[in-house]
Amino acid sequence: MKDTIRDSFIGQIIHKASKGRLLPYAEDSPSFVVPKKYLLDPISPTSTAPSTRTAHLRLEETFTSQASATTLNDGHSGSHLAKEKEGGGTSVRKTRKLGYEGEPIIVDWYGPDDPENPLNWPTRKKVWLTWCIIVLTFSVYIGSSVWAPALYVGADYFNISLISSTLGIALFVLGYGLGPLFLAPITEIPAVGRTAPYIITLLIYCLLQIPNALVDNWAGFCILRFLSGFVGSPVLATGGASVADIFYPEKVAYAMSLYGFAAAAGPGLGPIAVAWAIDANGWRWAFYEMLMLSGAAVLFLSVVMPETNPETILHRRAARLRKITGNPNLRSEGEILQSHLHPREVLSEALLRPIIMTFTEPIILGVNLYIGLMYATIYTFFESFPIVFHIGYGWSLGVSTLPFAGIMIGEAISFGLYCLWNRLSFEGKYIASKGRLRPETRLPLTVIGSAILPISIFWFAWTANRTHWINPVLAASLFGVGIDFIFMPYFNYLPQAYPRYAASALASNDFVRSMMAAAMPIVSVPLFHNLGIDWGNTIIGCCSILFLPLPVLLIKYGPYLRERSPISVHEEEVQAGTEWEKFHGKEYPKTDSEEMVQGVPERRGGPAVGADGGDREGTTETAEWGGARELAGRSSS
């Protein structure tokens, strides 16, 4: 637990403020053993030219990577002879020649079992991090729907129409649809990472609940609702990336689906959480409750949620190694790439690529529209449920929100079934083939989900206020099963189909579904008040029928579409097992050139401490750098 607290937002502040004395890393120990390749390479302890003692750096491997069509390293691998005089004699040794002064030496993991690598974390820590992401996601997503029970009360208080009152929901959703385009890229900067933006934006979100609860004019209320959604949005787009940081592809579906369940359950639980308070004390208490929930989440997560971005972890390691070795050329791979990116390219990546991919990639367009329809349908329930259960069945405001729990129960059932399918069907095939499975192998359950969706909507439409209340509640539960059978597979499919641009693919999906969901609260008021619950939902059900062929078409023609896309994964890459190699990697070869030596003898004496923090005597470091790792596709959000 100590390392979890150390890598949290507060832990990093304490570590930096104490200059490594509190919550130390292994490198902060006076007896830490530094891998030889990271040290300055002196010519000789007795050289007659002291000024040249630090002129040569030992470069164990060359590094070549492109950022914006720029080569970061020209790959010099020649050698030269360096002579040393030792006691009047001359010895000759080979060293690598630096291509230019300041050529970077890549700081990577200390070995295949490096405990700081998120993929190597123990299961309990991975489960804990997943739980933290769920709490964070839930704390923000629940805020989108807390205005739903206050639609009528708010309309009376601000003296506005019911349609205008729905802006309290629509603008929040619009904010968290636009926010990731601007804020999510910050979490990919190695010097920043994911945890700090999560905590800082959640703190701002928490503070915004105070003026939201106290505001007395409608324009100010709308602005605050939009800003709340905007600043709370990073985790909604990149929470999946945090989960993907710590799980291998054959296991990530379980955690990713649990994250998706939290994202879908949050809006459903919002009305239940605040309806009784609104009924008893007025609409302002919806935001007082959000203040308490988000405030507790900030205090909790800022202490116990560790950093997961591997580039950020290595960036911090490089800084520590530079400090203890005095070697200014130690850099992490992400740090080097970041230094060669132009702000214009970052802006293009964040704003333009997701939109371009939406309209140029048929796979992404189809999936986005389908998931957008599902989210839009969820947000129509915030208008239709009060009509059905509060007005139609005559329930109190608080009790009339309980049918939203039916949706969550259905989602929980589908989550369990999806995990069972993944364990019994997909995972075994993936491991046996060493990752040589088409991304479409993840999609069979979407066929079932696409059939469930219109059935559940028609069931709700034609039984509500006509039969016993249990019928529309059961229909809502079946709807929960259907949407998760669609959402969970597609949420895992897009990053696998577009590994190099996974973040942009997911950002595109988040943007489209949020725009469609933001429009539906406004549309649903005239839809249900003019056509009624039955015919209004029938129109929505007919729209879902239009998407019935999509899952089958993607399973059948997805490979064909990917082969003709310049940015998706192609069949030869799938059969080459590139994803498997990327995560499971190649063996770390043992070499004689990777001995662990005492870092700075005059400063760092005592028993040897290995890279994992344990005592090491006569240890050989086996973590030889094997080439530049592909950065694109490591994000999920």
# chains A, B, ... in the order shown; residues from 1 in each chain; ligands from 1
>>> residues_around(residues="Trp131 (chain A)", least_positions_apart="2", cutoff="12 Å", atoms="only C-alpha atoms", output="PyMOL selection string")
chain A and resi 124-129+133-138+239+242-243+255-256+258-259+261-262+297+300-301+304-306
>>> select_by_dssp(residues="region 109-300 of chain A", states="helix (DSSP H, G or I)", output="count of residues only")
159
>>> residues_around(residues="Ser294 (chain A)", least_positions_apart="4", cutoff="7 Å", atoms="only C-alpha atoms", output="list in words")
Ser139, Cys206, Met290 and Val298 of chain A
>>> closest_residue(among="A:Ser524, A:Phe389, A:Ala576, A:Val34", to="Asn471 (chain A)", atoms="only C-alpha atoms")
A:Phe389
>>> residues_around(residues="Ile313 (chain A)", least_positions_apart="3", cutoff="12 Å", atoms="only C-alpha atoms", output="ChimeraX atom specification")
/A:6-8,12,25,107-109,114-118,188-195,245,306-310,316-320,331-335
>>> write_last_selection(atoms="C-alpha atoms", output="CSV table (one decimal), in the first residue's frame")
chain,number,residue,atom,x,y,z
A,6,ARG,CA,3.6,7.2,-2.9
A,7,ASP,CA,2.4,7.2,-6.6
A,8,SER,CA,-0.8,9.1,-5.8
A,12,GLN,CA,4.0,12.8,-5.2
A,25,TYR,CA,11.7,5.2,-4.4
A,107,VAL,CA,15.6,4.8,-19.5
A,108,ASP,CA,13.3,1.8,-19.6
A,109,TRP,CA,12.1,-0.9,-17.2
A,114,ASP,CA,10.0,-4.7,-12.9
A,115,PRO,CA,7.4,-4.1,-10.2
A,116,GLU,CA,6.9,-0.4,-11.3
A,117,ASN,CA,5.6,-1.6,-14.7
A,118,PRO,CA,1.8,-1.3,-14.3
A,188,GLU,CA,-0.9,11.6,-22.4
A,189,ILE,CA,1.9,14.0,-21.6
A,190,PRO,CA,4.6,12.0,-19.9
A,191,ALA,CA,5.5,14.9,-17.6
A,192,VAL,CA,1.9,15.2,-16.4
A,193,GLY,CA,0.4,11.7,-16.4
A,194,ARG,CA,-3.2,10.7,-15.7
A,195,THR,CA,-3.6,11.0,-12.0
A,245,ASP,CA,-2.4,0.5,-18.8
A,306,PRO,CA,-1.6,5.7,-8.2
A,307,GLU,CA,-0.3,6.8,-11.6
A,308,THR,CA,-0.8,4.2,-14.4
A,309,ASN,CA,0.7,5.9,-17.5
A,310,PRO,CA,3.9,3.9,-18.1
A,316,ARG,CA,9.9,10.2,-13.2
A,317,ARG,CA,12.4,7.4,-13.1
A,318,ALA,CA,14.6,9.1,-15.6
A,319,ALA,CA,14.6,12.3,-13.5
A,320,ARG,CA,15.6,10.4,-10.4
A,331,ARG,CA,15.6,10.3,-21.0
A,332,SER,CA,12.5,8.2,-21.2
A,333,GLU,CA,11.2,7.4,-24.6
A,334,GLY,CA,8.0,9.4,-24.1
A,335,GLU,CA,10.0,12.4,-22.9
>>> closest_atom_pairs(of="region 276-329 of chain A", to="region 146-161 of chain A", cutoff="8 Å", atoms="only C-alpha atoms", output="CSV")
residue,atom,partner,partner_atom,distance
A:Ile278,CA,A:Ala150,CA,6.9
A:Gly282,CA,A:Val153,CA,7.8
A:Trp283,CA,A:Ala150,CA,5.7
A:Ala286,CA,A:Val146,CA,6.2
A:Phe287,CA,A:Val146,CA,7.9
>>> write_last_selection(atoms="all heavy atoms", output="mmCIF file, in the first residue's frame")
data_model
loop_
_atom_site.group_PDB
_atom_site.id
_atom_site.type_symbol
_atom_site.label_atom_id
_atom_site.label_comp_id
_atom_site.auth_asym_id
_atom_site.auth_seq_id
_atom_site.Cartn_x
_atom_site.Cartn_y
_atom_site.Cartn_z
ATOM 1 N N ILE A 278 -34.650 16.328 -3.042
ATOM 2 C CA ILE A 278 -35.344 17.371 -3.804
ATOM 3 C C ILE A 278 -36.792 17.491 -3.349
ATOM 4 O O ILE A 278 -37.327 18.594 -3.178
ATOM 5 C CB ILE A 278 -35.264 17.064 -5.312
ATOM 6 C CG1 ILE A 278 -33.821 17.206 -5.811
ATOM 7 C CG2 ILE A 278 -36.193 17.989 -6.102
ATOM 8 C CD1 ILE A 278 -33.638 16.788 -7.257
ATOM 9 N N GLY A 282 -36.037 20.793 -1.765
ATOM 10 C CA GLY A 282 -35.899 21.629 -2.944
ATOM 11 C C GLY A 282 -34.741 21.198 -3.831
ATOM 12 O O GLY A 282 -33.890 20.396 -3.453
ATOM 13 N N TRP A 283 -34.675 21.796 -5.035
ATOM 14 C CA TRP A 283 -33.727 21.344 -6.052
ATOM 15 C C TRP A 283 -32.269 21.605 -5.689
ATOM 16 O O TRP A 283 -31.368 20.909 -6.174
ATOM 17 C CB TRP A 283 -34.046 22.014 -7.395
ATOM 18 C CG TRP A 283 -33.909 23.512 -7.397
ATOM 19 C CD1 TRP A 283 -34.882 24.429 -7.149
ATOM 20 C CD2 TRP A 283 -32.716 24.263 -7.658
ATOM 21 N NE1 TRP A 283 -34.400 25.709 -7.239
ATOM 22 C CE2 TRP A 283 -33.064 25.637 -7.563
ATOM 23 C CE3 TRP A 283 -31.407 23.939 -7.968
ATOM 24 C CZ2 TRP A 283 -32.146 26.662 -7.745
ATOM 25 C CZ3 TRP A 283 -30.484 24.952 -8.158
ATOM 26 C CH2 TRP A 283 -30.849 26.288 -8.049
ATOM 27 N N ALA A 286 -29.915 18.724 -4.628
ATOM 28 C CA ALA A 286 -29.286 17.815 -5.597
ATOM 29 C C ALA A 286 -27.796 18.127 -5.709
ATOM 30 O O ALA A 286 -26.954 17.216 -5.790
ATOM 31 C CB ALA A 286 -29.958 17.951 -6.956
ATOM 32 N N PHE A 287 -27.452 19.399 -5.675
ATOM 33 C CA PHE A 287 -26.051 19.800 -5.841
ATOM 34 C C PHE A 287 -25.287 19.775 -4.524
ATOM 35 O O PHE A 287 -24.064 19.604 -4.520
ATOM 36 C CB PHE A 287 -26.000 21.171 -6.511
ATOM 37 C CG PHE A 287 -26.690 21.177 -7.838
ATOM 38 C CD1 PHE A 287 -27.974 21.684 -7.986
ATOM 39 C CD2 PHE A 287 -26.073 20.605 -8.948
ATOM 40 C CE1 PHE A 287 -28.621 21.657 -9.206
ATOM 41 C CE2 PHE A 287 -26.714 20.574 -10.175
ATOM 42 C CZ PHE A 287 -27.993 21.090 -10.304
#
>>> residues_around(residues="Pro234 (chain A)", least_positions_apart="2", cutoff="12 Å", atoms="only C-alpha atoms", output="MDAnalysis selection string")
chainID A and resid 133 136:137 140:141 175:188 193:202 205 228:232 236:242 507 510 636:637
>>> residues_around(residues="Leu119 (chain A)", least_positions_apart="2", cutoff="6 Å", atoms="only C-alpha atoms", output="ChimeraX atom specification")
/A:117,121,246-247
>>> closest_residue(among="A:Gly541, A:Pro122, A:Gly143, A:Pro549", to="Gly366 (chain A)", atoms="only C-alpha atoms")
A:Pro549
>>> atom_distance(atom1="CA of Gly482 (chain A)", atom2="CA of Thr538 (chain A)")
16.7 Å
>>> closest_residue(among="A:Tyr490, A:Trp462, A:Phe404, A:Trp421", to="Ala273 (chain A)", atoms="only C-alpha atoms")
A:Phe404
>>> closest_residue(among="A:Ala503, A:Val523, A:Met292, A:Ile431", to="Leu351 (chain A)", atoms="only C-alpha atoms")
A:Ala503
